[in-house]
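So this one's coords_17.tsv, TSV, C-alpha atoms:
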chain	number	residue	atom	x	y	z
N	1	MET	CA	17.83	42.25	47.14
N	2	LYS	CA	17.08	41.44	43.50
N	3	TYR	CA	14.57	44.31	43.39
N	4	TRP	CA	17.23	46.76	44.54
N	5	PHE	CA	19.75	45.41	42.05
N	6	LEU	CA	17.34	45.80	39.15
N	7	GLU	CA	16.07	49.23	40.13
N	8	GLU	CA	19.59	50.55	40.67
N	9	SER	CA	21.02	49.15	37.42
N	10	PHE	CA	18.22	49.14	34.87
N	11	ASN	CA	16.13	52.25	34.29
N	12	MET	CA	13.82	50.16	32.11
N	13	MET	CA	12.65	48.22	35.16
N	14	LYS	CA	11.35	51.37	36.85
N	15	ARG	CA	8.79	51.81	34.08
N	16	ILE	CA	6.73	48.78	35.04
N	17	GLY	CA	6.08	49.83	38.65
N	18	MET	CA	7.07	48.38	42.00
N	19	ARG	CA	4.43	45.63	42.24
N	20	ASP	CA	5.12	44.30	38.77
N	21	MET	CA	8.85	44.54	39.28
N	22	MET	CA	8.54	42.52	42.47
N	23	ASN	CA	6.69	39.86	40.48
N	24	LEU	CA	9.48	39.92	37.90
N	25	CYS	CA	12.06	39.44	40.65
N	26	GLU	CA	10.35	36.19	41.59
N	27	LEU	CA	11.16	34.88	38.11
N	28	LEU	CA	14.77	36.06	38.04
N	29	ALA	CA	17.76	34.15	39.31
N	30	MET	CA	20.87	36.03	40.41
N	31	LYS	CA	24.42	34.76	40.66
N	32	ASN	CA	27.96	36.01	41.28
N	33	PHE	CA	30.64	35.11	38.75
N	34	ARG	CA	34.33	35.44	39.51
N	35	LYS	CA	36.72	37.11	37.09
N	36	GLY	CA	37.71	34.73	34.32
N	37	SER	CA	34.75	32.37	34.73
N	38	GLU	CA	32.43	31.49	31.86
N	39	ILE	CA	28.87	32.71	32.27
N	40	HIS	CA	26.59	29.90	31.26
N	41	GLU	CA	23.57	28.59	33.10
N	42	GLN	CA	21.42	25.69	31.93
N	43	PHE	CA	17.74	25.62	32.83
N	44	GLU	CA	15.83	22.67	31.45
N	45	ASP	CA	17.32	23.28	27.99
N	46	ASN	CA	15.53	26.62	27.76
N	47	HIS	CA	17.49	29.59	26.43
N	48	LEU	CA	18.28	32.31	28.99
N	49	ILE	CA	18.50	36.09	28.82
N	50	TYR	CA	21.21	37.69	31.00
N	51	PHE	CA	21.18	41.11	32.72
N	52	ILE	CA	24.51	42.55	33.90
N	53	LYS	CA	24.11	44.16	37.32
N	54	LYS	CA	27.80	44.57	38.10
N	55	GLY	CA	31.07	44.12	36.26
N	56	HIS	CA	32.04	43.60	32.62
N	57	VAL	CA	31.55	40.62	30.34
N	58	LYS	CA	33.37	39.84	27.12
N	59	ILE	CA	31.39	38.18	24.36
N	60	GLY	CA	33.02	36.06	21.69
N	61	ARG	CA	33.52	32.51	20.55
N	62	TYR	CA	36.14	29.79	20.68
N	63	GLU	CA	37.80	28.95	17.38
N	64	ASN	CA	40.53	26.31	17.36
N	65	ASP	CA	40.77	26.60	21.15
N	66	GLN	CA	41.37	30.36	20.86
N	67	PHE	CA	38.84	32.90	22.17
N	68	THR	CA	37.89	35.46	19.52
N	69	LEU	CA	36.65	38.60	21.27
N	70	LYS	CA	33.73	40.40	19.60
N	71	TYR	CA	32.66	43.04	22.11
N	72	VAL	CA	32.52	43.96	25.80
N	73	LEU	CA	29.38	44.73	27.83
N	74	GLY	CA	29.10	46.46	31.19
N	75	LYS	CA	26.57	47.20	33.91
N	76	GLY	CA	23.04	47.83	32.64
N	77	ASN	CA	23.45	45.73	29.48
N	78	ILE	CA	21.88	42.45	28.43
N	79	PHE	CA	23.02	39.55	26.30
N	80	GLY	CA	21.45	36.41	24.88
N	81	GLU	CA	18.48	38.50	23.73
N	82	ASN	CA	18.96	38.07	19.97
N	83	LYS	CA	15.90	35.90	19.34
N	84	ILE	CA	13.44	38.03	21.30
N	85	THR	CA	14.63	41.30	19.72
N	86	THR	CA	15.22	40.23	16.10
N	87	GLY	CA	13.40	36.92	15.77
N	88	ASP	CA	16.63	35.26	14.63
N	89	GLU	CA	18.21	32.32	16.37
N	90	ALA	CA	21.16	33.42	18.47
N	91	GLU	CA	24.52	32.46	17.03
N	92	PRO	CA	26.77	30.41	19.34
N	93	TYR	CA	28.78	32.59	21.69
N	94	SER	CA	30.72	32.44	24.94
N	95	ALA	CA	30.50	35.02	27.72
N	96	ILE	CA	33.42	35.42	30.13
N	97	ALA	CA	33.57	37.65	33.21
N	98	MET	CA	36.31	40.27	32.82
N	99	SER	CA	35.88	41.28	36.46
N	100	ASP	CA	33.83	39.97	39.36
N	101	CYS	CA	30.23	40.13	38.11
N	102	VAL	CA	26.69	39.97	39.40
N	103	ILE	CA	24.36	38.59	36.73
N	104	CYS	CA	20.59	38.15	36.74
N	105	PHE	CA	19.04	35.73	34.28
N	106	ILE	CA	15.60	34.61	33.21
N	107	GLU	CA	14.15	32.08	30.80
N	108	GLU	CA	13.52	33.39	27.31
N	109	ASN	CA	9.86	32.34	27.20
N	110	ARG	CA	9.16	34.13	30.49
N	111	ILE	CA	10.73	37.42	29.44
N	112	GLU	CA	8.82	37.22	26.13
N	113	ALA	CA	5.56	36.86	28.05
N	114	LEU	CA	6.47	39.85	30.23
N	115	MET	CA	7.34	41.93	27.18
N	116	GLU	CA	3.89	41.21	25.76
N	117	GLN	CA	2.31	42.16	29.07
N	118	TYR	CA	4.34	45.35	29.55
N	119	PRO	CA	4.90	47.33	26.31
N	120	LYS	CA	7.25	49.75	28.11
N	121	LEU	CA	9.48	46.86	29.16
N	122	HIS	CA	9.41	45.58	25.57
N	123	ASN	CA	10.47	48.98	24.22
N	124	SER	CA	13.19	49.39	26.83
N	125	ILE	CA	14.77	46.02	26.06
N	126	LEU	CA	14.72	46.84	22.36
N	127	LYS	CA	16.39	50.17	23.14
N	128	ILE	CA	19.20	48.54	25.14
N	129	ALA	CA	19.79	46.00	22.37
N	130	GLY	CA	19.77	48.79	19.79
N	131	LEU	CA	22.36	50.83	21.68
N	132	LYS	CA	24.59	47.77	21.89
N	133	PHE	CA	24.47	47.26	18.14
N	134	LYS	CA	25.08	50.95	17.52
N	135	LYS	CA	28.31	50.66	19.48
N	136	ILE	CA	29.35	47.67	17.39
N	137	GLU	CA	28.55	49.58	14.20
N	138	ARG	CA	30.56	52.54	15.45
N	139	ARG	CA	33.55	50.29	16.09
N	140	LEU	CA	33.35	49.02	12.50
N	141	ASP	CA	33.22	52.62	11.23
N	142	ASP	CA	36.25	53.45	13.35
N	143	ILE	CA	38.19	50.60	11.75
N	144	LEU	CA	37.36	51.95	8.30
N	145	TYR	CA	37.93	55.66	8.86
N	146	LYS	CA	40.33	56.17	11.79
N	147	ASP	CA	44.03	55.45	12.17
N	148	ALA	CA	45.31	53.07	14.85
N	149	LYS	CA	46.28	55.78	17.34
N	150	THR	CA	42.90	57.49	17.12
N	151	ARG	CA	41.05	54.19	17.49
N	152	ILE	CA	42.98	53.22	20.60
N	153	LYS	CA	42.76	56.68	22.14
N	154	ASP	CA	39.01	56.90	21.48
N	155	PHE	CA	38.46	53.40	22.84
N	156	LEU	CA	40.20	54.19	26.14
N	157	THR	CA	38.51	57.60	26.38
N	158	ASP	CA	35.03	56.14	25.83
N	159	PHE	CA	35.63	53.37	28.37
N	160	VAL	CA	36.82	55.74	31.09
N	161	ASN	CA	34.02	58.24	30.41
N	162	GLU	CA	31.43	55.47	30.73
N	163	ASN	CA	32.90	53.75	33.77
N	164	GLY	CA	35.12	56.27	35.52
N	165	LYS	CA	35.00	58.10	38.82
N	166	GLU	CA	36.63	61.34	39.88
N	167	HIS	CA	40.40	61.33	40.32
N	168	PRO	CA	42.64	64.26	41.39
N	169	LYS	CA	44.04	64.39	37.85
N	170	GLY	CA	40.86	63.63	35.91
N	171	LEU	CA	38.69	60.54	35.59
N	172	GLU	CA	39.71	57.04	36.68
N	173	ALA	CA	38.40	53.57	35.78
N	174	SER	CA	39.55	50.10	36.76
N	175	ASN	CA	41.60	48.54	33.98
N	176	ILE	CA	39.92	45.29	32.95
N	177	PHE	CA	41.73	44.96	29.61
N	178	SER	CA	44.90	43.24	28.55
N	179	HIS	CA	46.82	44.74	25.62
N	180	ARG	CA	45.61	41.74	23.63
N	181	ASP	CA	41.97	42.63	24.42
N	182	ILE	CA	42.45	46.24	23.30
N	183	ALA	CA	44.18	45.05	20.13
N	184	LYS	CA	41.23	42.79	19.25
N	185	LEU	CA	38.66	45.49	19.99
N	186	THR	CA	40.49	48.11	17.91
N	187	SER	CA	41.73	45.79	15.13
N	188	THR	CA	45.37	46.53	15.83
N	189	SER	CA	48.30	44.44	17.08
N	190	ARG	CA	49.36	44.02	20.69
N	191	GLN	CA	52.67	45.74	19.90
N	192	THR	CA	50.81	48.69	18.36
N	193	VAL	CA	48.68	48.99	21.49
N	194	ASN	CA	51.79	48.94	23.67
N	195	ASN	CA	53.50	51.64	21.56
N	196	ILE	CA	50.47	53.93	21.41
N	197	ILE	CA	49.71	53.66	25.13
N	198	SER	CA	53.34	54.65	25.76
N	199	GLN	CA	52.87	57.66	23.46
N	200	LEU	CA	49.64	58.70	25.22
N	201	ARG	CA	51.42	58.51	28.58
N	202	LYS	CA	54.26	60.74	27.33
N	203	GLU	CA	51.77	63.20	25.85
N	204	GLY	CA	50.01	63.47	29.23
N	205	VAL	CA	46.73	62.10	27.89
N	206	ILE	CA	46.46	59.12	30.25
N	207	LEU	CA	47.94	57.41	33.27
N	208	TYR	CA	47.90	53.68	32.64
N	209	ASP	CA	48.88	50.59	34.60
N	210	ARG	CA	47.55	47.09	35.15
N	211	LYS	CA	45.04	48.24	37.77
N	212	ASP	CA	43.73	51.60	36.56
N	213	ILE	CA	43.35	53.96	33.62
N	214	VAL	CA	43.22	57.69	34.35
N	215	LEU	CA	42.03	60.07	31.66
N	216	ILE	CA	43.93	63.24	32.50
N	217	ARG	CA	41.81	66.35	32.65
N	218	GLY	CA	42.71	68.73	29.84
What does this structure look like when you write it as structure tokens?
Amino acid sequence: MKYWFLEESFNMMKRIGMRDMMNLCELLAMKNFRKGSEIHEQFEDNHLIYFIKKGHVKIGRYENDQFTLKYVLGKGNIFGENKITTGDEAEPYSAIAMSDCVICFIEENRIEALMEQYPKLHNSILKIAGLKFKKIERRLDDILYKDAKTRIKDFLTDFVNENGKEHPKGLEASNIFSHRDIAKLTSTSRQTVNNIISQLRKEGVILYDRKDIVLIRG
């Protein structure tokens, strides 16, 4: 089961071959997390690296009992990898399931040993981490150079393009975001998000409700 999950979700795993991947599966734990639950596993005080097989996870931190959202990760991404990719100690963070998730995790020292053994795995993990940081950098550029409407429109468009499936009117994705989430991820206010989503509906750009977002085919 874990082999199928990894092969189906992570192209990087295919590079090390079936036998070696089966050995890797013996080292991985896999767990389901319900929407809204915090993703945190303790294993003999050793730091863990997490692989997202299914669902979306929001990464942030608690400040004065308030969760400050930094970014969102979906299927095929990893988190907790900061030390093995940059050499820096990971800053404290919290990871919360935005939808029902399937997560695989492994001890940091074990994945480091595997990365030394399999250079292709090492390069693939670095690539995934690099793509994640490129998205974060792009979001910062958007804040500097785009107006609020463009930021919100581009955010919704990118999300649906990455996660959507065919719909009679275009492309449809499950809506995992609150207006507050979108506001934090686009550096706007919740009221601004509400107003702009209403505008995009009227302009025929999107269909939007609590369950789904449809990007209408132009």
Between N:Val193, N:Leu28, N:Leu185, N:Ile84, which is the closest to Asp142 (chain N) once you count all atoms listed in the file?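 Checking each candidate against Asp142 (chain N), we get N:Leu185 as the closest.
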Kindly assemble as JSON lines a list of the region 82-111 of chain N residues that lie within 10 Å of region 68-71 of chain N, each paired with its nearest atom pair and their distance in Å to one decimal, using only C-alpha atoms, sorted first by chain and then by ascending residue number.
{"residue": "N:Tyr93", "atom": "CA", "partner": "N:Lys70", "partner_atom": "CA", "distance": 9.5}
{"residue": "N:Ser94", "atom": "CA", "partner": "N:Leu69", "partner_atom": "CA", "distance": 9.3}
{"residue": "N:Ala95", "atom": "CA", "partner": "N:Leu69", "partner_atom": "CA", "distance": 9.6}
{"residue": "N:Ile96", "atom": "CA", "partner": "N:Leu69", "partner_atom": "CA", "distance": 10.0}
For Val102 (chain N), the nearest of the candidates N:Ile52, N:Ile176, N:Ile213, N:Leu27, counting only C-alpha atoms: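 Using only C-alpha atoms, the shortest distance to Val102 (chain N) belongs to N:Ile52.
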With distances taken over all atoms listed in the file, which of N:Lys211, N:Arg139, N:His47, N:His122 is nearest to Asp158 (chain N)?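 Closest candidate: N:Arg139.
Going from CA of Lys120 (chain N) over to CA of Gly76 (chain N), you cover 16.5 Å.
Compared by their closest atoms to Ser37 (chain N), and using only C-alpha atoms, the residues N:Gly74, N:His179, N:Leu200, N:Asp100 rank with N:Asp100 nearest.
Note that CA of Ser198 (chain N) and CA of Gly218 (chain N) are 18.1 Å apart.
The nearest approach to Ser124 (chain N) among the residues N:Ile39, N:Cys101, N:Ile78, N:Leu48, with all atoms listed in the file taken into account, belongs to N:Ile78.
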Using all atoms listed in the file, which of N:Phe177, N:Gly87, N:Gly170, N:Lys184 sits nearest Leu215 (chain N)? N:Gly170
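The spacing separating CA of Gln66 (chain N) from CA of Arg210 (chain N) amounts to 22.9 Å.
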Excluding Cys104 (chain N) and its own-chain neighbours fewer than 4 positions away, which residues fall within 8 Å of it when counting all atoms listed in the file? Please give them as a list in words. Leu28, Ala29, Met30, Lys31, Tyr50, Phe51, Ile52 and Lys53 of chain N
Would you pick out the contacts of Arg190 (chain N) at 12 Å or less, using only C-alpha atoms, so that residues sharing its chain but fewer than 3 positions from it are not included, and give the list as a PDB file with C-alpha atoms, in the frame of the given file?
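Result went into part.pdb, see below:
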ATOM      1  CA  ALA N 148      45.310  53.070  14.850  1.00  0.00           C
ATOM      2  CA  ILE N 152      42.980  53.220  20.600  1.00  0.00           C
ATOM      3  CA  PHE N 177      41.730  44.960  29.610  1.00  0.00           C
ATOM      4  CA  SER N 178      44.900  43.240  28.550  1.00  0.00           C
ATOM      5  CA  HIS N 179      46.820  44.740  25.620  1.00  0.00           C
ATOM      6  CA  ARG N 180      45.610  41.740  23.630  1.00  0.00           C
ATOM      7  CA  ASP N 181      41.970  42.630  24.420  1.00  0.00           C
ATOM      8  CA  ILE N 182      42.450  46.240  23.300  1.00  0.00           C
ATOM      9  CA  ALA N 183      44.180  45.050  20.130  1.00  0.00           C
ATOM     10  CA  LYS N 184      41.230  42.790  19.250  1.00  0.00           C
ATOM     11  CA  LEU N 185      38.660  45.490  19.990  1.00  0.00           C
ATOM     12  CA  THR N 186      40.490  48.110  17.910  1.00  0.00           C
ATOM     13  CA  SER N 187      41.730  45.790  15.130  1.00  0.00           C
ATOM     14  CA  VAL N 193      48.680  48.990  21.490  1.00  0.00           C
ATOM     15  CA  ASN N 194      51.790  48.940  23.670  1.00  0.00           C
ATOM     16  CA  ASN N 195      53.500  51.640  21.560  1.00  0.00           C
ATOM     17  CA  ILE N 196      50.470  53.930  21.410  1.00  0.00           C
ATOM     18  CA  ILE N 197      49.710  53.660  25.130  1.00  0.00           C
TER      19      ILE N 197
END
